[in-house]
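Quick look at structure.csv (CSV, C-alpha atoms):
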```csv
chain,number,residue,atom,x,y,z
K,1396,MET,CA,-12.3,-3.5,-27.3
K,1397,LEU,CA,-10.3,-6.1,-25.3
K,1398,GLN,CA,-9.4,-9.2,-27.2
K,1399,HIS,CA,-11.2,-12.2,-25.8
K,1400,ASP,CA,-7.9,-14.1,-25.4
K,1401,LEU,CA,-6.2,-11.6,-23.0
K,1402,LEU,CA,-6.8,-13.7,-19.9
K,1403,GLU,CA,-5.7,-16.9,-21.7
K,1404,GLN,CA,-2.6,-15.1,-22.9
K,1405,ALA,CA,-1.8,-14.1,-19.3
K,1406,ARG,CA,-2.3,-17.7,-18.2
K,1407,GLY,CA,0.2,-18.7,-20.8
K,1408,PHE,CA,2.8,-16.8,-18.7
K,1409,SER,CA,1.6,-18.4,-15.5
K,1410,ASP,CA,4.7,-20.5,-14.9
K,1411,ALA,CA,7.0,-17.4,-15.3
K,1412,ILE,CA,4.8,-15.3,-13.1
K,1413,ILE,CA,4.8,-17.9,-10.3
K,1414,ALA,CA,8.5,-18.6,-10.6
K,1415,LEU,CA,9.4,-14.9,-10.3
K,1416,ARG,CA,7.0,-14.5,-7.3
K,1417,ARG,CA,8.6,-17.5,-5.5
K,1418,ALA,CA,12.1,-16.3,-6.2
K,1419,ILE,CA,11.3,-12.9,-4.8
K,1420,HIS,CA,9.4,-14.4,-1.9
K,1421,ALA,CA,12.4,-16.5,-0.9
K,1422,GLU,CA,14.7,-13.5,-0.6
K,1423,PRO,CA,12.7,-10.6,0.8
K,1424,GLU,CA,14.3,-7.2,1.1
K,1425,LEU,CA,13.3,-4.2,3.2
K,1426,GLY,CA,13.0,-0.5,2.6
K,1427,LEU,CA,14.2,1.6,-0.3
K,1428,HIS,CA,17.0,-0.6,-1.4
K,1429,THR,CA,16.0,-4.0,-2.8
K,1430,PRO,CA,18.9,-4.9,-5.2
K,1431,ARG,CA,18.3,-8.6,-5.4
K,1432,THR,CA,14.6,-8.1,-6.3
K,1433,ARG,CA,15.6,-5.4,-8.8
K,1434,ASP,CA,18.0,-7.8,-10.5
K,1435,LYS,CA,15.5,-10.6,-10.6
K,1436,VAL,CA,13.0,-8.3,-12.4
K,1437,ARG,CA,15.6,-7.1,-14.9
K,1438,LEU,CA,16.7,-10.6,-15.6
K,1439,ALA,CA,13.2,-11.9,-16.0
K,1440,LEU,CA,12.3,-9.1,-18.5
K,1441,SER,CA,15.7,-8.8,-20.2
K,1442,HIS,CA,14.4,-10.3,-23.5
K,1443,LEU,CA,11.8,-7.6,-23.9
K,1444,PRO,CA,12.1,-4.4,-25.9
K,1445,LEU,CA,11.9,-2.1,-22.8
K,1446,GLU,CA,13.8,1.1,-22.0
K,1447,TRP,CA,15.0,1.0,-18.4
K,1448,ARG,CA,15.4,3.9,-16.0
K,1449,GLU,CA,16.9,3.9,-12.5
K,1450,GLY,CA,17.2,6.7,-9.9
K,1451,PRO,CA,19.7,7.7,-7.2
K,1452,SER,CA,17.5,7.4,-4.1
K,1453,THR,CA,16.1,3.9,-4.5
K,1454,THR,CA,16.6,0.7,-6.4
K,1455,GLY,CA,13.3,1.3,-8.1
K,1456,LEU,CA,12.9,0.7,-11.8
K,1457,VAL,CA,10.8,2.2,-14.5
K,1458,ALA,CA,10.6,0.2,-17.8
K,1459,THR,CA,9.0,1.9,-20.8
K,1460,LEU,CA,7.3,0.1,-23.7
K,1461,LYS,CA,6.8,2.2,-26.8
K,1462,GLY,CA,3.9,1.0,-28.9
K,1463,ARG,CA,4.7,0.5,-32.5
K,1464,ALA,CA,1.3,1.8,-33.8
K,1465,GLY,CA,2.5,5.3,-33.3
K,1466,PRO,CA,2.4,8.1,-30.6
K,1467,GLY,CA,-0.5,8.4,-28.2
K,1468,ARG,CA,-1.3,8.4,-24.6
K,1469,ARG,CA,1.0,7.4,-21.7
K,1470,VAL,CA,-0.1,5.0,-19.0
K,1471,LEU,CA,1.6,3.8,-15.8
K,1472,LEU,CA,1.3,0.4,-14.1
K,1473,ARG,CA,2.8,0.0,-10.7
K,1474,GLY,CA,4.0,-2.9,-8.5
K,1475,ASP,CA,5.8,-2.6,-5.2
K,1476,MET,CA,8.8,-4.8,-4.3
K,1477,ASP,CA,9.7,-4.5,-0.6
K,1478,ALA,CA,8.9,-6.8,2.3
K,1479,LEU,CA,8.1,-6.5,6.0
K,1480,PRO,CA,10.3,-7.1,9.1
K,1481,MET,CA,8.5,-10.3,10.1
K,1482,THR,CA,9.4,-13.9,10.6
K,1483,GLU,CA,7.6,-16.2,8.2
K,1484,GLU,CA,5.5,-19.1,9.6
K,1485,THR,CA,3.9,-20.5,6.4
K,1486,GLY,CA,6.0,-23.6,6.0
K,1487,LEU,CA,6.1,-23.1,2.2
K,1488,PRO,CA,8.9,-24.7,0.3
K,1489,PHE,CA,9.9,-21.3,-1.0
K,1490,ALA,CA,9.5,-19.5,2.4
K,1491,SER,CA,11.8,-16.7,3.3
K,1492,THR,CA,15.4,-17.5,3.7
K,1493,ILE,CA,16.2,-14.1,5.2
K,1494,ALA,CA,15.9,-14.0,9.0
K,1495,GLY,CA,13.3,-11.4,10.2
K,1496,ALA,CA,12.0,-10.6,6.7
K,1497,MET,CA,8.9,-11.8,4.9
K,1498,HIS,CA,6.7,-10.9,2.0
K,1499,ALA,CA,3.6,-10.7,4.1
K,1500,CYS,CA,1.8,-7.9,2.2
K,1501,GLY,CA,1.9,-9.5,-1.3
K,1502,HIS,CA,4.5,-7.3,-2.9
K,1503,ASP,CA,6.1,-10.3,-4.4
K,1504,THR,CA,2.9,-11.1,-6.2
K,1505,HIS,CA,2.4,-7.4,-7.2
K,1506,THR,CA,5.9,-7.4,-8.8
K,1507,ALA,CA,5.3,-10.8,-10.6
K,1508,MET,CA,1.9,-9.8,-11.9
K,1509,LEU,CA,3.4,-6.5,-13.2
K,1510,ALA,CA,6.2,-8.4,-14.9
K,1511,GLY,CA,3.6,-10.6,-16.5
K,1512,ALA,CA,1.8,-7.6,-17.8
K,1513,ALA,CA,5.0,-6.4,-19.4
K,1514,GLU,CA,5.2,-9.8,-21.2
K,1515,VAL,CA,1.6,-9.5,-22.4
K,1516,LEU,CA,1.9,-5.9,-23.6
K,1517,CYS,CA,5.2,-6.4,-25.3
K,1518,ALA,CA,3.7,-9.3,-27.2
K,1519,ARG,CA,1.0,-6.8,-28.4
K,1520,ALA,CA,3.3,-3.9,-29.0
K,1521,ASP,CA,2.5,-3.8,-32.8
K,1522,SER,CA,-1.1,-2.9,-32.0
K,1523,LEU,CA,-0.4,-0.3,-29.2
K,1524,ALA,CA,-0.2,3.4,-29.8
K,1525,GLY,CA,1.5,5.3,-27.0
K,1526,GLU,CA,3.6,4.3,-24.1
K,1527,VAL,CA,3.3,2.0,-21.0
K,1528,GLN,CA,5.5,2.7,-18.0
K,1529,PHE,CA,6.1,-0.2,-15.7
K,1530,MET,CA,6.9,1.1,-12.2
K,1531,PHE,CA,8.7,-1.4,-10.0
K,1532,GLN,CA,8.9,0.4,-6.7
K,1533,PRO,CA,10.7,-0.4,-3.4
K,1534,GLY,CA,10.0,1.2,-0.1
K,1535,GLU,CA,6.2,1.1,0.1
K,1536,GLU,CA,6.1,-0.2,3.7
K,1537,GLY,CA,6.5,3.2,5.3
K,1538,PHE,CA,9.5,4.4,3.4
K,1539,HIS,CA,7.8,6.7,0.8
K,1540,GLY,CA,9.3,4.9,-2.2
K,1541,ALA,CA,6.8,6.3,-4.7
K,1542,ARG,CA,7.6,9.8,-3.5
K,1543,PHE,CA,11.3,9.3,-3.9
K,1544,MET,CA,10.9,7.9,-7.4
K,1545,LEU,CA,8.7,10.9,-8.4
K,1546,ASP,CA,11.2,13.3,-6.9
K,1547,ASP,CA,14.0,11.6,-8.7
K,1548,GLY,CA,12.2,12.3,-12.0
K,1549,MET,CA,11.9,8.6,-12.8
K,1550,ILE,CA,8.3,9.2,-14.0
K,1551,ASP,CA,9.0,12.3,-16.0
K,1552,PRO,CA,7.0,13.1,-18.1
K,1553,LEU,CA,4.1,12.1,-16.0
K,1554,PRO,CA,1.6,9.6,-17.5
K,1555,ASP,CA,-1.9,10.4,-18.4
K,1556,ALA,CA,-3.3,7.7,-16.1
K,1557,ALA,CA,-2.0,5.2,-13.6
K,1558,PHE,CA,-3.2,1.8,-12.3
K,1559,ALA,CA,-2.1,-0.5,-9.5
K,1560,LEU,CA,-3.3,-3.7,-7.9
K,1561,HIS,CA,-3.1,-5.1,-4.3
K,1562,ILE,CA,-3.9,-8.6,-3.3
K,1563,MET,CA,-6.3,-9.5,-0.5
K,1564,PRO,CA,-5.8,-13.0,0.9
K,1565,ASN,CA,-9.0,-12.8,3.0
K,1566,SER,CA,-11.2,-11.8,0.0
K,1567,PRO,CA,-13.0,-14.3,-2.3
K,1568,HIS,CA,-11.0,-16.1,-4.9
K,1569,GLY,CA,-10.6,-13.9,-8.1
K,1570,LEU,CA,-12.9,-11.1,-6.9
K,1571,ILE,CA,-11.7,-7.7,-8.0
K,1572,ALA,CA,-12.9,-4.7,-6.0
K,1573,GLY,CA,-12.5,-0.9,-6.1
K,1574,ARG,CA,-14.3,2.4,-5.5
K,1575,ALA,CA,-14.2,6.0,-6.7
K,1576,GLY,CA,-13.0,8.6,-4.3
K,1577,PRO,CA,-11.0,7.8,-1.1
K,1578,LEU,CA,-10.0,4.2,-1.2
K,1579,LEU,CA,-7.4,4.2,1.6
K,1580,ALA,CA,-6.6,6.6,4.4
K,1581,SER,CA,-3.7,8.9,5.1
K,1582,ALA,CA,-1.4,7.4,7.8
K,1583,ASP,CA,0.7,9.5,10.2
K,1584,GLN,CA,2.6,8.4,13.3
K,1585,PHE,CA,2.6,10.2,16.6
K,1586,ASP,CA,4.8,10.1,19.7
K,1587,ILE,CA,3.8,11.8,22.9
K,1588,ALA,CA,6.2,12.2,25.8
K,1589,VAL,CA,4.6,13.1,29.1
K,1590,LYS,CA,7.2,14.5,31.5
K,1591,GLY,CA,6.6,14.2,35.2
K,1592,ARG,CA,8.8,13.8,38.3
K,1593,GLY,CA,9.7,10.3,39.5
K,1594,GLY,CA,9.6,9.1,43.1
K,1595,HIS,CA,8.7,6.2,45.4
K,1596,ALA,CA,5.5,4.4,44.4
K,1597,SER,CA,4.3,4.6,48.0
K,1598,MET,CA,4.4,8.4,48.0
K,1599,PRO,CA,2.8,9.6,44.8
K,1600,HIS,CA,1.9,12.9,46.4
K,1601,ASP,CA,5.7,13.8,46.5
K,1602,ALA,CA,6.0,13.1,42.8
K,1603,LEU,CA,4.3,13.9,39.5
K,1604,ASP,CA,3.2,10.6,38.2
K,1605,PRO,CA,3.0,10.6,34.3
K,1606,VAL,CA,1.3,7.2,34.0
K,1607,PRO,CA,-2.3,8.3,34.9
K,1608,VAL,CA,-1.9,11.3,32.8
K,1609,ALA,CA,-0.9,9.1,29.8
K,1610,CYS,CA,-3.9,7.0,30.5
K,1611,GLU,CA,-6.1,10.0,30.6
K,1612,ILE,CA,-4.7,11.1,27.2
K,1613,VAL,CA,-5.6,7.7,25.7
K,1614,THR,CA,-9.2,7.8,26.9
K,1615,ALA,CA,-9.6,11.5,26.0
K,1616,LEU,CA,-8.3,10.8,22.5
K,1617,GLN,CA,-11.0,8.3,21.8
K,1618,ALA,CA,-13.7,10.7,23.1
K,1619,MET,CA,-12.2,13.5,21.0
K,1620,VAL,CA,-12.5,11.4,17.8
K,1621,THR,CA,-16.2,10.5,18.4
K,1622,ARG,CA,-17.2,14.0,19.5
K,1623,ARG,CA,-15.1,16.4,17.3
K,1624,PHE,CA,-15.1,14.5,13.9
K,1625,PRO,CA,-18.2,13.5,11.9
K,1626,VAL,CA,-18.8,9.8,11.2
K,1627,SER,CA,-19.3,10.8,7.6
K,1628,ASP,CA,-15.6,11.7,7.3
K,1629,PRO,CA,-14.0,9.0,9.4
K,1630,VAL,CA,-11.0,9.4,11.7
K,1631,VAL,CA,-9.1,6.7,13.5
K,1632,ALA,CA,-6.6,7.4,16.3
K,1633,THR,CA,-5.0,4.4,17.9
K,1634,VAL,CA,-2.5,4.4,20.7
K,1635,ALA,CA,-0.5,1.3,20.0
K,1636,ARG,CA,2.2,1.4,22.7
K,1637,ILE,CA,2.6,2.9,26.2
K,1638,GLU,CA,5.9,2.7,28.0
K,1639,ALA,CA,6.8,4.0,31.4
K,1640,GLY,CA,8.7,3.0,34.5
K,1641,THR,CA,11.4,0.4,35.4
K,1642,ALA,CA,10.0,-1.4,38.5
K,1643,HIS,CA,6.8,-2.1,40.5
K,1644,ASN,CA,7.7,0.4,43.2
K,1645,VAL,CA,9.0,3.3,41.2
K,1646,ILE,CA,7.1,6.3,39.8
K,1647,ALA,CA,8.5,7.1,36.4
K,1648,ASP,CA,9.9,10.4,35.3
K,1649,PHE,CA,8.1,10.2,32.0
K,1650,ALA,CA,5.6,8.1,30.0
K,1651,ALA,CA,5.8,7.6,26.2
K,1652,LEU,CA,2.9,6.9,23.9
K,1653,LYS,CA,3.1,5.8,20.3
K,1654,GLY,CA,0.3,5.4,17.8
K,1655,THR,CA,-1.2,6.1,14.4
K,1656,LEU,CA,-3.6,8.7,12.9
K,1657,ARG,CA,-5.8,7.8,9.9
K,1658,THR,CA,-8.0,10.2,8.0
K,1659,LEU,CA,-9.8,10.3,4.6
K,1660,SER,CA,-9.5,14.0,3.9
K,1661,PRO,CA,-6.7,16.6,4.0
K,1662,THR,CA,-9.0,18.8,6.1
K,1663,ASN,CA,-9.5,16.3,8.9
K,1664,ARG,CA,-5.9,15.3,8.7
K,1665,ALA,CA,-4.8,18.9,9.6
K,1666,ARG,CA,-7.5,19.2,12.2
K,1667,LEU,CA,-6.5,15.9,13.9
K,1668,HIS,CA,-2.9,16.9,14.1
K,1669,GLU,CA,-3.8,20.2,15.8
K,1670,ALA,CA,-6.4,18.6,18.1
K,1671,LEU,CA,-4.0,15.9,19.3
K,1672,ASP,CA,-1.4,18.4,20.3
K,1673,GLN,CA,-3.9,20.6,22.1
K,1674,LEU,CA,-5.4,17.6,23.9
K,1675,ALA,CA,-2.1,16.1,25.2
K,1676,THR,CA,-0.5,19.3,26.2
K,1677,HIS,CA,-3.5,20.7,28.0
K,1678,ILE,CA,-4.2,17.4,29.9
K,1679,ALA,CA,-0.6,17.3,31.0
K,1680,ALA,CA,-0.7,21.0,32.1
K,1681,ALA,CA,-3.8,20.4,34.1
K,1682,HIS,CA,-1.8,18.0,36.2
K,1683,GLY,CA,1.3,20.2,36.5
K,1684,MET,CA,3.3,18.4,33.8
K,1685,THR,CA,4.2,18.9,30.2
K,1686,ALA,CA,3.6,16.8,27.1
K,1687,GLN,CA,5.6,17.0,23.9
K,1688,VAL,CA,3.8,15.8,20.8
K,1689,THR,CA,5.7,14.8,17.6
K,1690,ILE,CA,3.7,13.8,14.5
K,1691,THR,CA,5.6,12.2,11.6
K,1692,PRO,CA,3.7,12.5,8.4
K,1693,GLY,CA,3.0,9.3,6.4
K,1694,PHE,CA,1.2,8.6,3.2
K,1695,PRO,CA,-1.6,10.9,2.0
K,1696,VAL,CA,-5.1,9.6,1.2
K,1697,THR,CA,-5.3,7.3,-1.7
K,1698,VAL,CA,-8.0,8.8,-4.0
K,1699,CYS,CA,-9.2,6.9,-7.1
K,1700,ASP,CA,-10.5,8.8,-10.1
K,1701,GLY,CA,-14.1,7.7,-10.9
K,1702,ARG,CA,-13.3,7.4,-14.6
K,1703,ALA,CA,-10.3,5.1,-13.9
K,1704,VAL,CA,-12.5,2.9,-11.7
K,1705,ASP,CA,-15.1,2.7,-14.4
K,1706,LEU,CA,-12.5,1.7,-16.9
K,1707,GLY,CA,-11.2,-1.0,-14.6
K,1708,GLU,CA,-14.7,-2.4,-14.1
K,1709,LYS,CA,-15.2,-2.6,-17.8
K,1710,VAL,CA,-11.9,-4.5,-18.1
K,1711,VAL,CA,-12.9,-6.9,-15.4
K,1712,ARG,CA,-16.3,-7.6,-16.9
K,1713,GLY,CA,-14.7,-8.3,-20.2
K,1714,LEU,CA,-12.3,-10.7,-18.6
K,1715,THR,CA,-14.5,-12.5,-16.1
K,1716,GLY,CA,-18.1,-11.5,-16.7
K,1717,ASP,CA,-20.6,-9.5,-14.7
K,1718,ARG,CA,-19.9,-11.0,-11.3
K,1719,GLY,CA,-16.1,-10.4,-11.2
K,1720,PHE,CA,-16.1,-6.8,-10.0
K,1721,HIS,CA,-17.3,-5.5,-6.6
K,1722,ARG,CA,-17.8,-1.8,-5.8
K,1723,LEU,CA,-16.7,-1.2,-2.2
K,1724,ASP,CA,-19.2,0.6,0.0
K,1725,HIS,CA,-16.7,2.4,2.0
K,1726,PRO,CA,-12.9,3.1,2.2
K,1727,ILE,CA,-10.4,1.0,4.1
K,1728,MET,CA,-8.4,2.7,6.8
K,1729,GLY,CA,-5.1,1.2,5.7
K,1730,ALA,CA,-2.7,3.3,3.7
K,1731,GLU,CA,-0.7,3.1,0.5
K,1732,ASP,CA,2.0,5.2,-1.0
K,1733,PHE,CA,0.6,4.7,-4.5
K,1734,SER,CA,-1.3,7.8,-3.2
K,1735,TYR,CA,1.7,9.9,-4.1
K,1736,VAL,CA,1.2,8.9,-7.8
K,1737,LEU,CA,-2.6,9.5,-7.6
K,1738,GLU,CA,-2.0,13.0,-6.2
K,1739,LYS,CA,-0.4,13.9,-9.6
K,1740,VAL,CA,-2.1,11.5,-12.0
K,1741,PRO,CA,-5.7,10.3,-12.4
K,1742,GLY,CA,-5.9,6.6,-11.8
K,1743,ALA,CA,-7.0,3.8,-9.5
K,1744,MET,CA,-5.9,0.9,-7.4
K,1745,PHE,CA,-7.9,-2.3,-7.3
K,1746,PHE,CA,-8.0,-5.2,-4.8
K,1747,LEU,CA,-7.7,-8.8,-6.0
K,1748,GLY,CA,-9.0,-11.7,-3.8
K,1749,VAL,CA,-6.4,-14.5,-3.6
K,1750,ALA,CA,-8.0,-16.8,-1.1
K,1751,HIS,CA,-8.0,-20.4,-2.3
K,1752,GLU,CA,-11.1,-21.3,-4.4
K,1753,GLY,CA,-13.8,-22.8,-2.1
K,1754,ALA,CA,-12.0,-21.7,1.1
K,1755,ASP,CA,-13.7,-19.8,3.9
K,1756,TRP,CA,-12.1,-16.6,2.9
K,1757,ARG,CA,-13.2,-14.8,6.0
K,1758,SER,CA,-11.0,-17.0,8.1
K,1759,CYS,CA,-7.9,-16.7,5.9
K,1760,CYS,CA,-4.9,-14.9,7.4
K,1761,SER,CA,-4.8,-11.4,6.2
K,1762,ILE,CA,-2.0,-9.3,4.9
K,1763,HIS,CA,0.8,-8.6,7.4
K,1764,SER,CA,0.2,-12.0,9.0
K,1765,THR,CA,3.2,-14.3,9.4
K,1766,ARG,CA,1.0,-17.1,8.0
K,1767,MET,CA,-0.4,-15.3,5.0
K,1768,MET,CA,-1.0,-17.6,2.0
K,1769,VAL,CA,-1.8,-16.8,-1.7
K,1770,ASP,CA,-3.6,-18.9,-4.3
K,1771,GLU,CA,-1.1,-18.4,-7.1
K,1772,SER,CA,-3.6,-19.6,-9.7
K,1773,VAL,CA,-5.3,-16.1,-9.4
K,1774,LEU,CA,-2.1,-14.2,-10.4
K,1775,PRO,CA,-2.7,-14.4,-14.2
K,1776,LEU,CA,-6.0,-12.6,-13.7
K,1777,GLY,CA,-4.1,-9.8,-12.0
K,1778,THR,CA,-1.7,-9.6,-14.9
K,1779,ALA,CA,-4.6,-9.5,-17.4
K,1780,LEU,CA,-6.3,-6.7,-15.4
K,1781,LEU,CA,-3.2,-4.6,-15.4
K,1782,ALA,CA,-2.5,-5.2,-19.1
K,1783,GLY,CA,-6.2,-4.7,-19.9
K,1784,CYS,CA,-6.3,-1.3,-18.2
K,1785,ALA,CA,-3.3,-0.2,-20.1
K,1786,MET,CA,-4.7,-1.4,-23.4
K,1787,ARG,CA,-8.1,0.1,-22.9
K,1788,PHE,CA,-6.7,3.5,-21.8
K,1789,LEU,CA,-4.2,3.7,-24.7
K,1790,ALA,CA,-7.0,2.9,-27.1
K,1791,GLU,CA,-9.8,5.0,-25.7
K,1792,GLY,CA,-8.6,7.1,-22.8
K,1793,PHE,CA,-11.3,7.8,-20.2
K,1794,ALA,CA,-14.1,7.4,-22.8
K,1795,ALA,CA,-17.6,7.5,-21.4
```
Would you write out, as structure tokens, the structure that this file holds?
Amino acid sequence: MLQHDLLEQARGFSDAIIALRRAIHAEPELGLHTPRTRDKVRLALSHLPLEWREGPSTTGLVATLKGRAGPGRRVLLRGDMDALPMTEETGLPFASTIAGAMHACGHDTHTAMLAGAAEVLCARADSLAGEVQFMFQPGEEGFHGARFMLDDGMIDPLPDAAFALHIMPNSPHGLIAGRAGPLLASADQFDIAVKGRGGHASMPHDALDPVPVACEIVTALQAMVTRRFPVSDPVVATVARIEAGTAHNVIADFAALKGTLRTLSPTNRARLHEALDQLATHIAAAHGMTAQVTITPGFPVTVCDGRAVDLGEKVVRGLTGDRGFHRLDHPIMGAEDFSYVLEKVPGAMFFLGVAHEGADWRSCCSIHSTRMMVDESVLPLGTALLAGCAMRFLAEGFAA
């Protein structure tokens, strides 16, 4: 079904894709409000016949292309726009000019590839029946941007399918990967405050020292994960920070623990929340202290529809041949707020390897590294994949 020249057409927009990516990369923005990035996107696509929608809660954009071949299905393509609070160390000529901010997760490339897909699909509007929604979303890095855009009604009516793409700098050049079912984990944050009674470090018997209790909670948490949750439905609980005390000879009044909880099912997510609270409070009580557990819900599990993954694989094989797609054996315990869209709409997210061709991709810096690099020559392939998924779904739906 896909025209053989789709990838070549995307490559024809390569200069524009790379230019937009570099412009966004040089001026990264954090959180739900990315006005400079929004304006760059609108300017880059201002010549296209798109209907634009903005909402009150974010600077997100939804651009709609209405095919000229008549009414039909509706499909959404999503790219995120926000950066991370990191200091870039790549040395690139277009490196971040904003102190303490960097596009270290590839959202600059996601936005640029999506803009490229808009170019490709608008050029083919005469042959398209239905609508394509291009979702340019801020606030993916922990700010629930997709949820806000949904709540604001920016994707109303909902599409019939949705697709997204995420780069992987430590994955082989041009390899596209995906899987049906859980692809990425839910991600919740926890804070535990162990309250004791401070005193002199030489007389711990006259105090209630929260530090060993905090340490006991850490080790008990790991045992709980391996003994109460099956390996067939993985759980990750990581204590990432412990803070207590002010001096070498002072027993602290309290100890604070911070960490993350990752699960691949709603059932285990609820069980883990309950088990963590029970574990921390009871360990503290056993030592005559109290523990207050606060869990801040993050993104839900990213679940890909098997039909959408099959569709994506067919698109990839049409673009690159039989060796261009890889089925992942297991989920990744990272998280994505595209999950909010996939809770409401069947669809899929795919990974695109952007290590330089011939490089030892295993040793490349990963996402969220201050030295993360991208082979920009791969970006037109991402554009072609997004455009191809939209074209195939509008033409055939989830055909067998």
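Nearest residue to Arg1702 of chain K, choosing from K:Ile1587, K:Val1688, K:Ala1794, K:Ala1490 and counting all atoms listed in the file: K:Ala1794.
Taking atom CA of Ile1612 of chain K and atom CA of Leu1674 of chain K as endpoints, the distance between them is 7.3 Å.
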(request) Quote the spacing between atom CA of Val1620 of chain K and atom CA of Ile1637 of chain K in Å to one decimal place. (result)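 So the answer is 19.3 Å.
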Segment 1665-1711 of chain K near segment 1551-1571 of chain K within 10 Å: what's each residue's closest atom pair and its distance in Å to one decimal, counting all atoms listed in the file, ordered by chain then ascending residue number, as a Markdown table?
```
| residue | atom | partner | partner_atom | distance |
| --- | --- | --- | --- | --- |
| K:Cys1699 | CA | K:Phe1558 | CA | 9.4 |
| K:Asp1700 | CA | K:Ala1556 | CA | 9.4 |
| K:Ala1703 | CA | K:Ala1556 | CA | 7.8 |
| K:Val1704 | CA | K:Phe1558 | CA | 9.4 |
| K:Gly1707 | CA | K:Phe1558 | CA | 8.8 |
| K:Glu1708 | CA | K:Ile1571 | CA | 8.6 |
| K:Val1711 | CA | K:Ile1571 | CA | 7.5 |
```
(message) I'd like to know which of K:Phe1733, K:Phe1489, K:Phe1408, K:Phe1529 is closest to Leu1456 of chain K, using all atoms listed in the file.
(response) K:Phe1529
(request) Check the smallest atom-to-atom distance from each of K:Glu1638, K:Asp1705, K:Asp1755, K:Asp1583 to Ala1730 of chain K using all atoms listed in the file, then report the winner. (result) K:Asp1583
